[in-house]
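Engineer: Sending over data.cif (mmCIF, C-alpha atoms).
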data_start
loop_
_atom_site.label_atom_id
_atom_site.label_comp_id
_atom_site.auth_asym_id
_atom_site.auth_seq_id
_atom_site.Cartn_x
_atom_site.Cartn_y
_atom_site.Cartn_z
CA MET A 1 -6.87 11.43 6.24
CA PHE A 2 -6.57 10.91 2.49
CA ALA A 3 -9.65 10.42 0.31
CA ASP A 4 -8.55 11.90 -3.02
CA GLY A 5 -5.36 12.70 -4.89
CA HIS A 6 -1.97 11.03 -5.14
CA VAL A 7 0.04 9.45 -2.31
CA ASP A 8 2.98 7.03 -2.29
CA ILE A 9 4.32 4.61 0.29
CA GLY A 10 8.06 4.22 0.41
CA PRO A 11 11.28 4.18 2.41
CA ARG A 12 13.48 7.16 3.17
CA PHE A 13 16.02 8.18 5.76
CA VAL A 14 14.65 10.29 8.63
CA ASN A 15 17.40 11.60 10.91
CA GLY A 16 19.63 8.91 9.48
CA LYS A 17 17.16 6.09 10.18
CA TRP A 18 15.52 3.93 7.48
CA THR A 19 11.81 4.76 7.76
CA VAL A 20 8.69 3.83 5.80
CA GLN A 21 6.45 6.86 5.31
CA VAL A 22 3.64 8.15 3.10
CA ARG A 23 4.45 10.87 0.58
CA ASP A 24 1.52 13.28 0.41
CA ASP A 25 1.29 14.79 -3.07
CA THR A 26 -2.05 16.45 -2.31
CA THR A 27 -0.12 19.44 -0.94
CA ARG A 28 2.44 21.72 -2.59
CA PRO A 29 5.23 21.12 -1.96
CA PRO A 30 4.71 17.40 -1.21
CA VAL A 31 5.15 16.29 2.42
CA TRP A 32 6.27 12.92 3.82
CA ARG A 33 3.97 11.84 6.66
CA ASP A 34 4.28 9.19 9.38
CA THR A 35 2.03 6.17 8.84
CA GLU A 36 0.74 6.60 12.41
CA ASP A 37 -0.84 9.90 11.35
CA VAL A 38 -2.51 8.62 8.18
CA VAL A 39 -5.79 6.93 7.25
CA MET A 40 -6.40 6.08 3.61
CA HIS A 41 -10.13 6.52 2.93
CA VAL A 42 -11.68 4.40 0.18
CA VAL A 43 -14.82 6.40 -0.58
CA ASP A 44 -17.99 4.95 -2.08
CA ALA A 45 -17.05 6.44 -5.46
CA ALA A 46 -14.54 3.56 -5.58
CA LYS A 47 -17.28 0.95 -5.18
CA THR A 48 -17.81 -1.33 -8.15
CA GLN A 49 -18.66 -4.97 -8.91
CA VAL A 50 -16.42 -7.98 -9.35
CA PRO A 51 -16.10 -8.61 -13.11
CA GLY A 52 -17.15 -11.88 -14.64
CA GLY A 53 -14.59 -14.46 -15.63
CA GLN A 54 -12.36 -16.84 -13.72
CA GLN A 55 -9.36 -14.49 -13.72
CA PHE A 56 -11.05 -12.16 -11.20
CA SER A 57 -12.40 -14.91 -8.93
CA PHE A 58 -9.85 -13.92 -6.25
CA LEU A 59 -12.08 -10.87 -5.59
CA GLY A 60 -15.23 -12.92 -5.02
CA SER A 61 -18.28 -13.92 -7.03
CA PRO A 62 -19.08 -11.98 -10.22
CA GLY A 63 -21.33 -9.04 -9.45
CA SER A 64 -20.48 -8.88 -5.75
CA PRO A 65 -19.42 -5.47 -4.41
CA VAL A 66 -15.78 -4.48 -4.19
CA TRP A 67 -14.10 -1.15 -3.43
CA VAL A 68 -11.06 -0.51 -5.65
CA LEU A 69 -8.45 2.25 -5.55
CA PRO A 70 -7.44 1.84 -9.19
CA GLN A 71 -4.07 1.55 -10.85
CA VAL A 72 -4.95 4.47 -13.14
CA GLN A 73 -5.88 7.76 -11.49
CA GLN A 74 -9.60 8.43 -11.18
CA PRO A 75 -11.00 11.82 -10.10
CA GLY A 76 -12.57 11.78 -6.65
CA VAL A 77 -10.78 8.60 -5.58
CA LEU A 78 -7.49 8.18 -3.72
CA TRP A 79 -4.57 7.10 -5.93
CA PRO A 80 -1.99 5.34 -3.74
CA GLY A 81 1.25 4.00 -5.14
CA TRP A 82 4.71 3.05 -3.95
CA ASN A 83 8.12 4.45 -4.73
CA THR A 84 11.83 3.95 -4.08
CA GLN A 85 12.89 7.32 -5.48
CA ASP A 86 14.29 8.96 -2.36
CA PRO A 87 17.77 10.17 -3.40
CA GLN A 88 19.50 8.80 -0.31
CA VAL A 89 17.78 5.43 -0.71
CA ALA A 90 18.91 5.25 -4.33
CA ALA A 91 22.44 6.21 -3.31
CA VAL A 92 23.03 3.51 -0.68
CA VAL A 93 20.71 0.55 -1.40
CA ASN A 94 21.97 -2.42 -3.36
CA ARG A 95 19.60 -2.99 -6.29
CA GLU A 96 16.11 -3.25 -4.75
CA VAL A 97 13.78 -2.86 -1.79
CA THR A 98 11.82 -5.85 -0.46
CA TRP A 99 8.20 -5.02 0.40
CA ARG A 100 6.40 -7.49 2.67
CA LEU A 101 2.79 -7.86 3.77
CA ARG A 102 2.97 -9.66 7.09
CA LYS A 103 -0.76 -9.61 7.85
CA ALA A 104 -3.99 -7.91 6.82
CA THR A 105 -7.01 -7.64 9.10
CA GLY A 106 -10.44 -6.20 8.37
CA PRO A 107 -14.10 -6.95 7.76
CA GLY A 108 -13.37 -8.32 4.29
CA ARG A 109 -10.53 -9.30 2.03
CA PHE A 110 -7.68 -7.06 0.89
CA VAL A 111 -5.91 -7.72 -2.43
CA LEU A 112 -3.28 -5.63 -4.19
CA PHE A 113 -2.95 -6.51 -7.87
CA VAL A 114 -1.70 -4.98 -11.09
CA ASN A 115 -3.06 -5.15 -14.60
CA GLY A 116 -0.63 -7.37 -16.48
CA GLU A 117 -0.28 -8.09 -20.16
CA PHE A 118 -3.58 -8.19 -22.04
CA GLY A 119 -5.35 -6.95 -18.90
CA ALA A 120 -4.84 -10.17 -16.93
CA PRO A 121 -4.52 -9.40 -13.21
CA GLN A 122 -1.32 -10.24 -11.37
CA VAL A 123 -1.77 -10.47 -7.59
CA ILE A 124 1.01 -8.90 -5.49
CA PHE A 125 -0.56 -9.32 -2.03
CA ASP A 126 -3.60 -11.34 -0.94
CA GLY A 127 -4.60 -10.58 2.64
CA SER A 128 -6.46 -13.89 2.99
CA ARG A 129 -3.19 -15.82 2.90
CA GLN A 130 -1.72 -16.69 6.27
CA GLN A 131 1.95 -16.59 5.30
CA VAL A 132 4.10 -13.49 4.88
CA GLN A 133 4.16 -12.33 1.25
CA GLN A 134 6.81 -10.22 -0.44
CA THR A 135 7.71 -8.50 -3.68
CA GLY A 136 10.85 -6.77 -4.89
CA ILE A 137 10.85 -3.11 -5.94
CA ASP A 138 13.75 -1.89 -8.07
CA LEU A 139 15.43 1.36 -7.08
CA ASN A 140 14.03 4.57 -8.60
CA THR A 141 10.66 2.89 -9.09
CA HIS A 142 7.32 4.72 -8.93
CA ALA A 143 4.39 2.36 -9.48
CA HIS A 144 0.67 1.94 -8.89
CA GLY A 145 -1.68 -0.99 -8.54
CA ASN A 146 -5.29 -1.82 -7.73
CA TRP A 147 -6.02 -1.83 -3.99
CA ALA A 148 -9.19 -3.91 -3.57
CA PHE A 149 -11.37 -4.36 -0.47
CA THR A 150 -14.43 -6.59 -0.37
CA ALA A 151 -16.38 -5.02 2.52
CA PRO A 152 -16.71 -1.63 4.22
CA GLY A 153 -14.91 -0.89 7.47
CA THR A 154 -11.39 -0.58 8.87
CA TYR A 155 -8.44 -2.57 7.53
CA LEU A 156 -4.99 -2.75 9.10
CA LEU A 157 -2.13 -3.65 6.78
CA ASP A 158 1.02 -4.81 8.58
CA ILE A 159 3.79 -3.99 6.11
CA GLU A 160 7.57 -4.00 6.10
CA MET A 161 10.18 -2.60 3.70
CA ASN A 162 13.71 -3.98 3.86
CA ALA A 163 16.90 -3.52 1.87
CA ARG A 164 20.63 -4.15 1.98
CA THR A 165 23.26 -1.50 1.37
CA ALA A 166 26.13 -1.97 -1.03
CA GLU A 167 28.32 -2.55 2.06
CA GLY A 168 26.04 -5.33 3.29
CA GLN A 169 24.18 -3.48 6.06
CA GLN A 170 20.62 -4.70 6.53
CA LEU A 171 17.91 -2.00 6.66
CA GLY A 172 14.29 -2.51 7.66
CA ASP A 173 11.17 -0.83 9.01
CA ARG A 174 7.76 -2.29 9.87
CA ARG A 175 4.64 -0.13 9.87
CA LEU A 176 0.85 -0.33 10.13
CA LEU A 177 -1.24 1.18 7.32
CA ARG A 178 -4.79 2.08 8.27
CA VAL A 179 -7.47 1.99 5.59
CA PHE A 180 -11.13 2.94 6.05
CA VAL A 181 -13.53 1.69 3.38
CA GLY A 182 -16.98 3.07 2.62
CA PRO A 183 -19.16 5.69 4.33
CA GLY A 184 -18.71 6.81 7.90
CA ALA A 185 -16.00 8.52 9.92
CA PRO A 186 -12.59 7.40 8.63
CA ASN A 187 -10.82 8.73 11.73
CA ALA A 188 -12.49 5.85 13.60
CA ALA A 189 -9.71 3.72 12.10
CA PHE A 190 -7.30 5.28 14.62
CA ASN A 191 -9.31 3.61 17.41
CA VAL A 192 -8.83 0.09 16.06
CA PRO A 193 -6.02 -1.61 18.01
CA ALA A 194 -3.04 -3.09 16.22
CA PRO A 195 -3.31 -6.83 15.53
CA PRO A 196 -1.64 -9.27 17.94
CA GLY A 197 2.03 -9.69 17.22
CA PHE A 198 2.55 -6.29 15.62
#
Go through the file and emit its structure as structure tokens.

Structural biologist:
Amino acid sequence: MFADGHVDIGPRFVNGKWTVQVRDDTTRPPVWRDTEDVVMHVVDAAKTQVPGGQQFSFLGSPGSPVWVLPQVQQPGVLWPGWNTQDPQVAAVVNREVTWRLRKATGPGRFVLFVNGEFGAPQVIFDGSRQQVQQTGIDLNTHAHGNWAFTAPGTYLLDIEMNARTAEGQQLGDRRLLRVFVGPGAPNAAFNVPAPPGF
């Protein structure tokens, strides 16, 4: 269970197999962990209010509560990012990794966005959309964004990371990320069944 510190989601090769895992930088040395063993806890210190202005309307009405794991590290709050820096990944993948959000379930809405030029938000994933969404991640990338959740409780993020090798081989792995928002016992997220079709 992660509630503070730095973690990254990314692909690597485990026993020769393309695998999406979570890099745990809260320990020294860092450890890659299976997604099945991880719950990301969004503590109440991450709770804020939706800003005014039309550009943040995708988060809800101005002043309504929202829990945000921010793009810039904040003490006492988890700082999740994503990376494609594994040496073997960089050695064999052709150009970029494709990251997909197939589905997001939970008591509220999940949105991953980054602060663009002049502070304008750029949405990467919006869990309220029904279709599969995707973004490209260049090799040797380490990045962070704002992970926003509009209600407390357990969220399940059905994600996939795919790539193609320089020789044309297709690589892919689909995983479930568990996120627990707000007060309570975050390990309860392990008891929530995977969504249909996973």

Engineer: Counting all atoms listed in the file, which residues in segment 89-124 of chain A sit no more than 10 Å from segment 65-84 of chain A? For each one, give the nearest pair of atoms and the distance in Å, sorted by chain then residue number, as JSON lines.

Structural biologist:
{"residue": "A:Val89", "atom": "CA", "partner": "A:Thr84", "partner_atom": "CA", "distance": 7.0}
{"residue": "A:Ala90", "atom": "CA", "partner": "A:Thr84", "partner_atom": "CA", "distance": 7.2}
{"residue": "A:Val93", "atom": "CA", "partner": "A:Thr84", "partner_atom": "CA", "distance": 9.9}
{"residue": "A:Glu96", "atom": "CA", "partner": "A:Thr84", "partner_atom": "CA", "distance": 8.4}
{"residue": "A:Val97", "atom": "CA", "partner": "A:Thr84", "partner_atom": "CA", "distance": 7.4}
{"residue": "A:Trp99", "atom": "CA", "partner": "A:Trp82", "partner_atom": "CA", "distance": 9.8}
{"residue": "A:Gly108", "atom": "CA", "partner": "A:Val66", "partner_atom": "CA", "distance": 9.6}
{"residue": "A:Arg109", "atom": "CA", "partner": "A:Val66", "partner_atom": "CA", "distance": 9.5}
{"residue": "A:Phe110", "atom": "CA", "partner": "A:Trp67", "partner_atom": "CA", "distance": 9.7}
{"residue": "A:Val111", "atom": "CA", "partner": "A:Val68", "partner_atom": "CA", "distance": 9.4}
{"residue": "A:Leu112", "atom": "CA", "partner": "A:Val68", "partner_atom": "CA", "distance": 9.4}
{"residue": "A:Phe113", "atom": "CA", "partner": "A:Gln71", "partner_atom": "CA", "distance": 8.7}
{"residue": "A:Val114", "atom": "CA", "partner": "A:Gln71", "partner_atom": "CA", "distance": 7.0}
{"residue": "A:Asn115", "atom": "CA", "partner": "A:Gln71", "partner_atom": "CA", "distance": 7.7}

Engineer: Report the distance between atom CA of Glu117 of chain A and atom CA of Val50 of chain A in Å, rounded to one decimal place.

Structural biologist: 19.4 Å

Engineer: I'd like to know which of A:Arg28, A:Arg100, A:Lys47, A:His41 is closest to Arg178 of chain A, using all atoms listed in the file.

Structural biologist: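 Looking at the shortest contact to Arg178 of chain A, the residue is A:His41.
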
Engineer: Written as number ranges by chain, which residues does the PyMOL selection byres ((chain A and resi 118-123) around 12) give for the file shown?

Structural biologist: A: 51, 53-59, 71, 110-117, 124-127, 129, 133-135, 145-148

Engineer: At most 9 Å from (17.1, -1.1, 6.2), file frame, all atoms listed in the file: which residues, as a ChimeraX atom specification?

Structural biologist: /A:11,17-19,93,97,161-165,169-173

Engineer: Which polymer residues have any atom within 7 Å of an atom of Val132 of chain A, counting only C-alpha atoms, with same-chain residues fewer than 3 positions away left out, as a list of chain:residue names?

Structural biologist: A:Arg100, A:Leu101, A:Arg102, A:Lys103

Engineer: Show which residues sit within 10 Å of Gly184 of chain A, as a PyMOL selection string. Count all atoms listed in the file, and ignore same-chain residues fewer than 5 positions away.

Structural biologist: chain A and resi 41+43+152-153

Engineer: Which of these, A:Gly106, A:Gly5, A:Pro196, A:Gly136, has the shortest distance to Thr150 of chain A once you count all atoms listed in the file?

Structural biologist: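 Ranking A:Gly106, A:Gly5, A:Pro196, A:Gly136 by distance to Thr150 of chain A, first place goes to A:Gly106.
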
Engineer: Between atom CA of His6 of chain A and atom CA of Trp32 of chain A, what is the spacing in Å?

Structural biologist: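 Between atom CA of Trp32 of chain A and atom CA of His6 of chain A the gap works out to 12.3 Å.
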
Engineer: Counting all atoms listed in the file, figure out which residue out of A:Asp4, A:Ala143, A:Thr154, A:Pro30 gets nearest to Ala45 of chain A.

Structural biologist: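 Answer, going by the shortest atom-to-atom distance: A:Asp4.
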
Engineer: Interatomic distance between atom CA of Ser128 of chain A and atom CA of Val7 of chain A?

Structural biologist: 24.8 Å

Engineer: Could you check the closest approach to Arg174 of chain A for each of A:Thr98, A:Thr27, A:Gln131, A:Asn15 and tell me which residue wins, using only C-alpha atoms?

Structural biologist: A:Thr98
